[in-house]
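Structure below is entry.cif: mmCIF, C-alpha atoms.
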data_structure
#
loop_
_atom_site.label_atom_id
_atom_site.label_comp_id
_atom_site.auth_asym_id
_atom_site.auth_seq_id
_atom_site.Cartn_x
_atom_site.Cartn_y
_atom_site.Cartn_z
CA MET A 1 200.14 271.90 462.65
CA SER A 2 202.16 274.73 464.12
CA LEU A 3 205.68 275.55 463.14
CA ALA A 4 206.69 275.50 466.77
CA ASP A 5 206.28 271.74 466.70
CA SER A 6 208.92 271.19 464.09
CA PRO A 7 212.49 271.38 465.25
CA ALA A 8 215.03 273.24 463.14
CA PRO A 9 216.47 270.91 460.51
CA PRO A 10 219.82 269.46 461.46
CA GLY A 11 222.47 271.59 459.85
CA ALA A 12 220.12 274.52 459.29
CA PRO A 13 222.05 277.76 459.28
CA ALA A 14 221.92 279.65 462.55
CA ARG A 15 220.17 282.97 462.16
CA GLY A 16 221.37 286.26 463.52
CA ARG A 17 218.24 287.06 465.48
CA PRO A 18 215.67 285.00 467.32
CA ARG A 19 212.81 283.88 465.09
CA SER A 20 209.50 285.53 465.61
CA GLU A 21 207.46 282.40 465.30
CA ALA A 22 204.09 284.12 465.12
CA VAL A 23 205.13 286.13 462.09
CA GLU A 24 206.80 283.17 460.43
CA GLY A 25 203.75 281.07 461.07
CA ALA A 26 201.49 283.69 459.50
CA VAL A 27 203.66 283.90 456.39
CA ILE A 28 203.79 280.12 456.00
CA GLU A 29 200.06 279.80 456.56
CA GLY A 30 199.62 282.50 453.92
CA VAL A 31 201.59 280.49 451.36
CA LEU A 32 199.67 277.33 452.24
CA LYS A 33 196.39 279.18 451.82
CA LEU A 34 197.40 280.47 448.39
CA LEU A 35 198.44 276.97 447.34
CA GLU A 36 195.15 275.59 448.63
CA ASP A 37 193.38 278.19 446.52
CA GLY A 38 195.17 276.69 443.51
CA VAL A 39 197.79 279.38 442.93
CA PRO A 40 200.85 277.67 441.40
CA LEU A 41 204.22 278.22 443.00
CA ALA A 42 205.51 280.00 439.89
CA GLU A 43 202.86 282.70 440.39
CA LEU A 44 203.50 283.21 444.08
CA SER A 45 205.30 286.52 444.42
CA ILE A 46 206.71 287.76 447.70
CA GLU A 47 204.37 290.72 447.33
CA ARG A 48 201.31 288.51 447.09
CA ILE A 49 202.46 286.36 449.99
CA ALA A 50 203.03 289.47 452.11
CA ARG A 51 199.56 290.77 451.29
CA THR A 52 197.91 287.45 452.13
CA ALA A 53 199.81 287.12 455.41
CA GLY A 54 199.20 290.76 456.36
CA VAL A 55 202.87 291.62 456.76
CA GLY A 56 205.29 293.84 454.88
CA LYS A 57 207.59 292.52 452.17
CA ALA A 58 210.60 293.61 454.22
CA THR A 59 209.45 291.34 457.05
CA ILE A 60 209.63 288.37 454.69
CA TYR A 61 212.99 289.34 453.22
CA ARG A 62 214.40 289.75 456.73
CA ARG A 63 213.66 286.09 457.44
CA TRP A 64 214.17 284.30 454.14
CA ASN A 65 216.65 284.74 451.31
CA GLY A 66 213.91 284.66 448.70
CA LYS A 67 211.09 282.44 447.64
CA GLU A 68 213.03 279.17 447.46
CA GLU A 69 214.13 279.32 451.08
CA LEU A 70 210.65 280.30 452.23
CA PHE A 71 209.08 277.47 450.26
CA VAL A 72 211.39 274.91 451.86
CA ASP A 73 210.02 276.04 455.25
CA VAL A 74 206.50 275.70 453.85
CA VAL A 75 207.25 272.11 452.85
CA ARG A 76 208.67 271.40 456.28
CA ALA A 77 205.58 272.84 457.96
CA ALA A 78 203.32 270.68 455.78
CA GLU A 79 205.22 267.38 456.02
CA PRO A 80 205.42 265.24 459.17
CA PRO A 81 207.98 266.58 461.65
CA ASP A 82 211.46 265.10 461.83
CA ALA A 83 211.70 261.80 463.62
CA GLU A 84 212.39 261.83 467.34
CA LEU A 85 215.11 259.28 467.80
CA PRO A 86 214.44 256.97 470.76
CA GLY A 87 218.19 256.39 471.16
CA THR A 88 217.60 252.91 472.59
CA SER A 89 219.43 251.13 469.77
CA MET A 90 220.57 251.62 466.19
CA ARG A 91 217.67 249.43 465.15
CA ASP A 92 215.09 251.62 466.90
CA ASP A 93 216.59 254.83 465.54
CA LEU A 94 216.56 253.45 462.00
CA VAL A 95 212.91 252.43 462.36
CA ALA A 96 212.07 255.96 463.55
CA LEU A 97 213.83 257.52 460.55
CA LEU A 98 211.98 255.26 458.10
CA GLU A 99 208.70 255.97 459.87
CA GLN A 100 208.99 259.66 459.05
CA ARG A 101 209.23 258.77 455.35
CA ARG A 102 206.39 256.27 455.55
CA THR A 103 204.12 258.77 457.31
CA ARG A 104 204.95 261.36 454.68
CA GLY A 105 204.12 258.83 451.95
CA VAL A 106 200.77 258.10 453.59
CA MET A 107 200.03 261.82 454.00
CA THR A 108 200.81 262.66 450.37
CA ARG A 109 198.17 260.09 449.43
CA THR A 110 195.56 261.39 451.85
CA SER A 111 196.26 265.14 451.98
CA VAL A 112 195.66 267.01 448.75
CA LEU A 113 197.56 269.96 450.19
CA LEU A 114 200.74 268.00 450.94
CA HIS A 115 200.48 266.26 447.59
CA ASN A 116 200.35 269.64 445.88
CA VAL A 117 203.16 271.10 447.98
CA PHE A 118 205.45 268.25 446.92
CA ALA A 119 204.37 268.42 443.28
CA GLN A 120 205.05 272.18 443.25
CA MET A 121 208.42 271.67 444.88
CA LYS A 122 209.49 269.06 442.35
CA SER A 123 208.44 271.32 439.48
CA SER A 124 210.95 273.94 440.63
CA PRO A 125 214.59 272.84 440.32
CA LYS A 126 215.68 275.70 442.59
CA VAL A 127 213.29 274.81 445.41
CA TRP A 128 214.12 271.13 445.00
CA ALA A 129 217.84 271.93 445.26
CA ALA A 130 217.24 274.07 448.36
CA TYR A 131 215.22 271.28 449.99
CA HIS A 132 217.97 268.81 449.20
CA ALA A 133 220.65 271.01 450.67
CA SER A 134 218.80 271.91 453.88
CA VAL A 135 216.73 268.75 454.52
CA VAL A 136 217.72 265.69 452.48
CA ARG A 137 221.49 265.90 452.82
CA PRO A 138 221.49 266.59 456.61
CA ARG A 139 219.02 263.72 457.07
CA ARG A 140 221.36 261.43 455.14
CA ARG A 141 224.31 262.52 457.26
CA LEU A 142 222.32 261.77 460.41
CA GLN A 143 221.48 258.29 459.15
CA ILE A 144 225.08 257.51 458.30
CA GLU A 145 226.05 258.72 461.77
CA ILE A 146 223.50 256.38 463.38
CA LEU A 147 224.88 253.48 461.32
CA ARG A 148 228.41 254.37 462.40
CA ARG A 149 227.34 254.31 466.06
CA GLY A 150 225.74 250.92 465.37
CA GLN A 151 229.08 249.62 464.18
CA GLN A 152 230.70 250.88 467.36
CA ASN A 153 227.97 249.22 469.49
CA GLY A 154 228.33 245.92 467.70
CA GLU A 155 224.84 246.14 466.18
CA LEU A 156 226.14 246.39 462.60
CA ARG A 157 228.84 244.47 460.75
CA GLU A 158 232.09 246.37 460.49
CA ASP A 159 233.07 245.14 457.01
CA ILE A 160 230.35 247.09 455.28
CA ASP A 161 229.95 250.26 453.24
CA LEU A 162 227.68 252.60 455.20
CA GLU A 163 226.49 254.43 452.08
CA LEU A 164 225.31 251.11 450.70
CA VAL A 165 223.59 250.18 453.97
CA ASN A 166 221.86 253.53 453.96
CA ASP A 167 220.54 252.97 450.43
CA LEU A 168 219.47 249.40 451.24
CA MET A 169 217.29 250.87 453.97
CA VAL A 170 215.97 253.98 452.27
CA GLY A 171 215.64 252.55 448.74
CA PRO A 172 212.71 250.19 449.38
CA MET A 173 210.82 252.87 451.33
CA LEU A 174 211.26 255.49 448.60
CA LEU A 175 210.34 252.90 445.98
CA ARG A 176 206.96 252.48 447.67
CA THR A 177 206.33 256.05 448.85
CA VAL A 178 207.68 258.08 445.93
CA MET A 179 208.24 255.91 442.85
CA ARG A 180 204.99 253.96 443.03
CA PRO A 181 202.15 256.48 443.21
CA GLU A 182 199.70 253.58 443.03
CA ALA A 183 201.07 251.95 446.20
CA ASP A 184 198.26 251.12 448.62
CA VAL A 185 198.31 252.79 452.03
CA GLU A 186 196.86 249.79 453.88
CA THR A 187 199.06 247.08 452.41
CA ASP A 188 202.15 248.49 450.66
CA LEU A 189 202.63 251.21 453.29
CA SER A 190 201.28 249.29 456.28
CA GLU A 191 202.13 250.43 459.80
CA ASP A 192 204.72 247.71 460.36
CA LEU A 193 206.62 248.41 457.11
CA SER A 194 209.50 250.35 458.67
CA GLU A 195 210.12 247.63 461.25
CA ARG A 196 209.89 244.91 458.63
CA ILE A 197 212.44 246.64 456.39
CA VAL A 198 214.95 247.22 459.18
CA ASP A 199 214.54 243.80 460.81
CA THR A 200 214.71 241.91 457.51
CA LEU A 201 217.87 243.78 456.57
CA LEU A 202 219.46 243.07 459.93
CA GLU A 203 218.48 239.41 459.89
CA GLY A 204 219.37 238.69 456.26
CA LEU A 205 217.47 236.64 453.72
CA ARG A 206 219.22 233.32 454.12
CA PRO A 207 217.49 230.57 456.05
CA VAL A 208 218.60 230.56 459.67
CA LYS A 209 221.86 228.66 459.80
CA SER A 210 222.09 225.52 461.81
CA SER A 211 225.01 225.28 464.22
CA THR A 212 226.80 222.79 461.96
CA THR A 213 227.57 225.34 459.26
CA MET B 214 221.94 247.46 418.26
CA SER B 215 219.62 245.33 416.18
CA LEU B 216 216.18 244.36 417.25
CA ALA B 217 216.95 240.73 416.44
CA ASP B 218 219.22 240.69 419.50
CA SER B 219 216.49 241.49 421.96
CA PRO B 220 214.19 238.66 422.94
CA ALA B 221 210.45 239.24 423.04
CA PRO B 222 209.45 240.69 426.42
CA PRO B 223 208.11 238.11 428.84
CA GLY B 224 204.37 238.18 428.62
CA ALA B 225 204.31 240.01 425.28
CA PRO B 226 201.13 239.20 423.40
CA ALA B 227 201.56 236.57 420.70
CA ARG B 228 200.94 238.06 417.29
CA GLY B 229 198.90 236.48 414.57
CA ARG B 230 201.61 236.53 411.92
CA PRO B 231 205.39 236.14 412.06
CA ARG B 232 207.19 239.43 412.59
CA SER B 233 209.04 240.83 409.67
CA GLU B 234 212.05 241.93 411.60
CA ALA B 235 213.61 243.92 408.79
CA VAL B 236 210.53 246.12 408.51
CA GLU B 237 210.15 246.47 412.26
CA GLY B 238 213.82 247.35 412.58
CA ALA B 239 213.48 250.02 409.88
CA VAL B 240 210.49 251.60 411.63
CA ILE B 241 212.21 251.60 415.03
CA GLU B 242 215.41 253.01 413.54
CA GLY B 243 213.24 255.67 411.93
CA VAL B 244 211.78 256.71 415.29
CA LEU B 245 215.22 256.73 416.89
CA LYS B 246 216.54 258.90 414.08
CA LEU B 247 213.70 261.40 414.50
CA LEU B 248 214.33 261.51 418.26
CA GLU B 249 218.05 262.00 417.63
CA ASP B 250 217.16 264.90 415.36
CA GLY B 251 215.39 266.44 418.33
CA VAL B 252 211.77 265.80 417.32
CA PRO B 253 209.76 265.41 420.56
CA LEU B 254 207.57 262.34 420.98
CA ALA B 255 204.42 264.48 420.99
CA GLU B 256 205.20 265.61 417.44
CA LEU B 257 205.95 262.15 416.07
CA SER B 258 203.00 261.18 413.92
CA ILE B 259 202.64 257.73 412.39
CA GLU B 260 202.72 259.46 409.03
CA ARG B 261 206.06 261.08 409.69
CA ILE B 262 207.50 257.84 411.08
CA ALA B 263 206.32 255.95 407.98
CA ARG B 264 207.92 258.53 405.68
CA THR B 265 211.22 258.42 407.56
CA ALA B 266 211.28 254.61 407.60
CA GLY B 267 210.26 254.37 403.94
CA VAL B 268 207.21 252.22 404.63
CA GLY B 269 203.48 252.73 404.32
CA LYS B 270 201.32 253.79 407.28
CA ALA B 271 199.33 250.56 406.93
CA THR B 272 202.54 248.57 407.48
CA ILE B 273 202.99 250.30 410.85
CA TYR B 274 199.37 249.89 411.90
CA ARG B 275 199.53 246.19 411.02
CA ARG B 276 202.30 245.72 413.57
CA TRP B 277 201.50 248.14 416.38
CA ASN B 278 198.25 249.32 417.93
CA GLY B 279 199.25 252.95 417.71
CA LYS B 280 202.12 255.15 418.76
CA GLU B 281 202.30 254.07 422.41
CA GLU B 282 202.87 250.42 421.59
CA LEU B 283 205.44 251.31 418.93
CA PHE B 284 207.29 253.59 421.32
CA VAL B 285 207.57 250.86 423.94
CA ASP B 286 209.39 248.75 421.33
CA VAL B 287 211.61 251.73 420.59
CA VAL B 288 212.53 251.95 424.29
CA ARG B 289 213.25 248.23 424.37
CA ALA B 290 215.51 248.51 421.32
CA ALA B 291 217.42 251.38 422.92
CA GLU B 292 217.83 249.96 426.44
CA PRO B 293 220.09 247.03 427.34
CA PRO B 294 218.50 243.67 426.45
CA ASP B 295 216.76 241.63 429.11
CA ALA B 296 219.03 239.75 431.46
CA GLU B 297 220.03 236.22 430.51
CA LEU B 298 219.53 234.22 433.68
CA PRO B 299 222.45 231.91 434.42
CA GLY B 300 220.13 229.58 436.32
CA THR B 301 222.94 228.42 438.58
CA SER B 302 221.31 229.76 441.76
CA MET B 303 218.74 232.25 442.97
CA ARG B 304 221.62 234.50 443.97
CA ASP B 305 223.15 234.49 440.47
CA ASP B 306 219.79 235.08 438.79
CA LEU B 307 219.06 238.03 441.10
CA VAL B 308 222.46 239.54 440.35
CA ALA B 309 221.75 239.21 436.60
CA LEU B 310 218.39 240.96 436.99
CA LEU B 311 219.94 243.84 438.92
CA GLU B 312 222.76 244.08 436.39
CA GLN B 313 220.28 244.87 433.64
CA ARG B 314 219.04 247.84 435.66
CA ARG B 315 222.54 248.98 436.56
CA THR B 316 223.67 248.82 432.92
CA ARG B 317 220.63 250.82 431.90
CA GLY B 318 221.43 253.40 434.59
CA VAL B 319 224.99 253.68 433.29
CA MET B 320 223.78 253.97 429.68
CA THR B 321 221.27 256.71 430.45
CA ARG B 322 224.21 258.71 431.84
CA THR B 323 226.48 258.07 428.86
CA SER B 324 224.05 257.84 425.93
CA VAL B 325 222.22 261.04 425.11
CA LEU B 326 219.83 259.04 422.94
CA LEU B 327 218.78 256.62 425.68
CA HIS B 328 218.51 259.51 428.12
CA ASN B 329 216.15 261.26 425.73
CA VAL B 330 214.13 258.14 425.00
CA PHE B 331 213.46 257.67 428.72
CA ALA B 332 212.71 261.33 429.28
CA GLN B 333 210.22 261.29 426.40
CA MET B 334 208.64 258.11 427.70
CA LYS B 335 208.15 259.56 431.18
CA SER B 336 206.59 262.69 429.74
CA SER B 337 203.80 260.61 428.21
CA PRO B 338 201.52 258.92 430.75
CA LYS B 339 200.13 256.62 428.04
CA VAL B 340 203.54 255.39 426.89
CA TRP B 341 204.67 255.04 430.49
CA ALA B 342 201.60 252.94 431.27
CA ALA B 343 202.19 250.77 428.20
CA TYR B 344 205.84 250.23 429.20
CA HIS B 345 204.73 249.29 432.71
CA ALA B 346 202.19 246.79 431.45
CA SER B 347 204.42 245.09 428.90
CA VAL B 348 207.87 245.40 430.52
CA VAL B 349 207.90 246.40 434.19
CA ARG B 350 205.12 244.14 435.47
CA PRO B 351 206.33 240.99 433.65
CA ARG B 352 209.87 241.66 434.92
CA ARG B 353 208.52 241.95 438.46
CA ARG B 354 206.61 238.68 438.09
CA LEU B 355 209.78 236.98 436.88
CA GLN B 356 211.70 238.24 439.91
CA ILE B 357 209.07 237.05 442.33
CA GLU B 358 209.14 233.67 440.60
CA ILE B 359 212.92 233.46 441.03
CA LEU B 360 212.54 234.28 444.71
CA ARG B 361 209.89 231.60 445.07
CA ARG B 362 212.22 229.04 443.51
CA GLY B 363 214.90 230.22 445.95
CA GLN B 364 212.57 229.41 448.84
CA GLN B 365 212.01 225.95 447.40
CA ASN B 366 215.80 225.42 447.01
CA GLY B 367 216.51 226.54 450.55
CA GLU B 368 218.39 229.66 449.41
CA LEU B 369 215.80 232.04 450.86
CA ARG B 370 214.03 232.09 454.22
CA GLU B 371 210.51 230.75 454.04
CA ASP B 372 208.97 233.12 456.59
CA ILE B 373 209.26 236.15 454.39
CA ASP B 374 207.08 238.34 452.17
CA LEU B 375 208.38 237.98 448.61
CA GLU B 376 207.03 241.39 447.57
CA LEU B 377 209.07 242.96 450.35
CA VAL B 378 212.18 240.99 449.38
CA ASN B 379 211.74 242.13 445.80
CA ASP B 380 211.57 245.78 446.88
CA LEU B 381 214.55 245.41 449.22
CA MET B 382 216.54 244.31 446.20
CA VAL B 383 215.23 246.65 443.53
CA GLY B 384 214.76 249.74 445.74
CA PRO B 385 218.44 250.54 446.33
CA MET B 386 219.27 250.04 442.65
CA LEU B 387 216.45 252.33 441.49
CA LEU B 388 217.40 254.86 444.15
CA ARG B 389 220.85 255.15 442.56
CA THR B 390 219.95 254.71 438.88
CA VAL B 391 216.68 256.64 438.66
CA MET B 392 216.13 258.84 441.71
CA ARG B 393 219.65 260.22 441.97
CA PRO B 394 220.52 261.72 438.59
CA GLU B 395 223.79 262.94 440.12
CA ALA B 396 224.92 259.41 441.05
CA ASP B 397 228.45 258.74 439.81
CA VAL B 398 228.95 255.92 437.31
CA GLU B 399 232.36 254.88 438.67
CA THR B 400 231.51 254.82 442.35
CA ASP B 401 227.74 254.81 443.01
CA LEU B 402 227.06 252.49 440.05
CA SER B 403 230.30 250.52 440.15
CA GLU B 404 230.53 247.16 438.41
CA ASP B 405 230.23 245.16 441.62
CA LEU B 406 227.11 247.00 442.86
CA SER B 407 224.58 244.30 441.90
CA GLU B 408 226.60 241.60 443.63
CA ARG B 409 227.10 243.76 446.70
CA ILE B 410 223.37 244.47 447.01
CA VAL B 411 222.34 240.81 446.66
CA ASP B 412 225.10 239.41 448.86
CA THR B 413 224.60 242.00 451.61
CA LEU B 414 220.85 241.29 451.63
CA LEU B 415 221.42 237.55 451.82
CA GLU B 416 224.05 237.85 454.53
CA GLY B 417 222.26 240.43 456.67
CA LEU B 418 223.69 243.44 458.46
CA ARG B 419 224.27 241.95 461.89
CA PRO B 420 227.78 241.01 462.89
CA VAL B 421 228.45 237.33 462.21
CA LYS B 422 227.08 235.43 465.17
CA SER B 423 229.40 233.39 467.27
CA SER B 424 228.35 229.79 467.91
CA THR B 425 227.42 230.63 471.50
CA THR B 426 224.37 232.71 470.53
#

Could you rewrite the structure in this file as structure tokens?
Amino acid sequence: MSLADSPAPPGAPARGRPRSEAVEGAVIEGVLKLLEDGVPLAELSIERIARTAGVGKATIYRRWNGKEELFVDVVRAAEPPDAELPGTSMRDDLVALLEQRRTRGVMTRTSVLLHNVFAQMKSSPKVWAAYHASVVRPRRRLQIEILRRGQQNGELREDIDLELVNDLMVGPMLLRTVMRPEADVETDLSEDLSERIVDTLLEGLRPVKSSTT
Amino acid sequence: MSLADSPAPPGAPARGRPRSEAVEGAVIEGVLKLLEDGVPLAELSIERIARTAGVGKATIYRRWNGKEELFVDVVRAAEPPDAELPGTSMRDDLVALLEQRRTRGVMTRTSVLLHNVFAQMKSSPKVWAAYHASVVRPRRRLQIEILRRGQQNGELREDIDLELVNDLMVGPMLLRTVMRPEADVETDLSEDLSERIVDTLLEGLRPVKSSTT
């Protein structure tokens, strides 16, 4: 996977100079290689990363404000890219957003590297906080925005708390991908899961009403 | 909180002799006291627990198959008791089940002791597994059973995967109680949250259909 494939995260800070993607890619690949070799995040110094990537330390510090920020980019290079929103309906956009999480859940069960990258991230409160600020919170804002557009389009009830709707959608997916490590890829994370979550939520759980009610 | 208040967990193994609740209570209070004094679970030996509770080691071994099983009972004494199901409708029973989780989420934010008990439990894979087997899985079976009765009563659509419905209900609550330590008790875990989750799921997210559709 090349970094060029992954778009900048929504809300990522603009940088003062154009990115040199070749150099960034080499640094990120260097970190991934060290992690693959079993070096824990706590032992990854900028010096060691620079040596592995064949660049100077100053080159790294020019691009990232320290190890936490760099490691967030490593996570983003290792995880599935952000969803491309089809824009055809709120429903389709929501399915696409859930699909990114489902794919990531499947990958963490099949890719030892991604599994380790996430485990390392969660073991570092600073990296976890940086990932939240630059990835999780912007993603949440995007979802709320899509729900708001759905209300304007008439796809979503107006008398409803969008934060709650967001959690109704994301909660079941995170329950299966993150909170249940034993969840089965074929059944619990099956390919139609995102559609089933969104469509069941839209439809509601009550039996279809007859016209006399 | 006395142990006598908390009913036996659903699916708990029947024991060969009647429980002596006074002795069990003393042992559990002893463990809670040691935890309150800051002794980590890993350093709690049966010997030390027996000394603190003023009972013999044999008394403890007669009642529990080791530290893991004892600690699960400690968690159950510290967390809110199991929900009493009103039995008036599937909807009301589901709300009661979610309320138990919400109350526990509120308590872990306000009670240092319960917070520590859960943290200690999660740090021990064996205790966590024992809690899953004797508490989480039976609770899940009970929920699925309530959903099944709802299908029979006509409260729940028949064309629906009960495991998915269960996760749609539990996922958002666990997202706020467990996965978001920063969730606010007054707003994110407000007293009407369980009702709002169940009623929104039943109703669905689509605007109310007019009779012409």

Worksheet entry | Explicit residues for the PyMOL selection byres ((chain B and resi 287-293) around 10) (as number ranges by chain) | B: 214-222, 237-238, 240-245, 281-286, 294-296, 312-318, 320-321, 324, 326-328, 330-331, 333-334, 340, 344, 348

Fill in: Reference answer for the PyMOL selection byres ((chain A) within 9 of (chain B)), as a PyMOL selection string
chain A and resi 151+154-160+164-176+179+188+196-197+200-208+211

Practice prompt. Could you tell me how far atom CA of A:Val185 lies from atom CA of B:Arg353, in Å and to one decimal?
Written response: 20.1 Å

Worksheet item: Could you pull the residues within 10 Å of B:Ser258, counting all atoms listed in the file, minus those fewer than 6 positions along the same chain, as a PyMOL selection string?
Response: chain B and resi 244+264+279-280

Worksheet item: Between atom CA of B:Ile259 and atom CA of B:Ile273, what is the distance, to one decimal in Å?
Response: 7.6 Å

Worksheet item: Near A:Glu195, counting all atoms listed in the file, which residues have an atom at most 9 Å away, once you skip same-chain residues fewer than 4 positions from it, shown as a list in words?
Response: Arg91, Asp92, Leu94, Val95, Ala96, Leu98, Glu99, Glu191, Asp199 and Thr200 of chain A

Which centre and edge lengths in Å to one decimal define the box along x, y and z that fits every listed atom of stretch 148-157 of chain A plus 3 Å per side, as lines of an AutoDock Vina configuration file?
center_x = 227.8
center_y = 249.4
center_z = 465.1
size_x = 11.9
size_y = 15.9
size_z = 14.7

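Atom CA of A:Glu36 to atom CA of B:Ala342 spans 29.3 Å [interatomic distance, one decimal].
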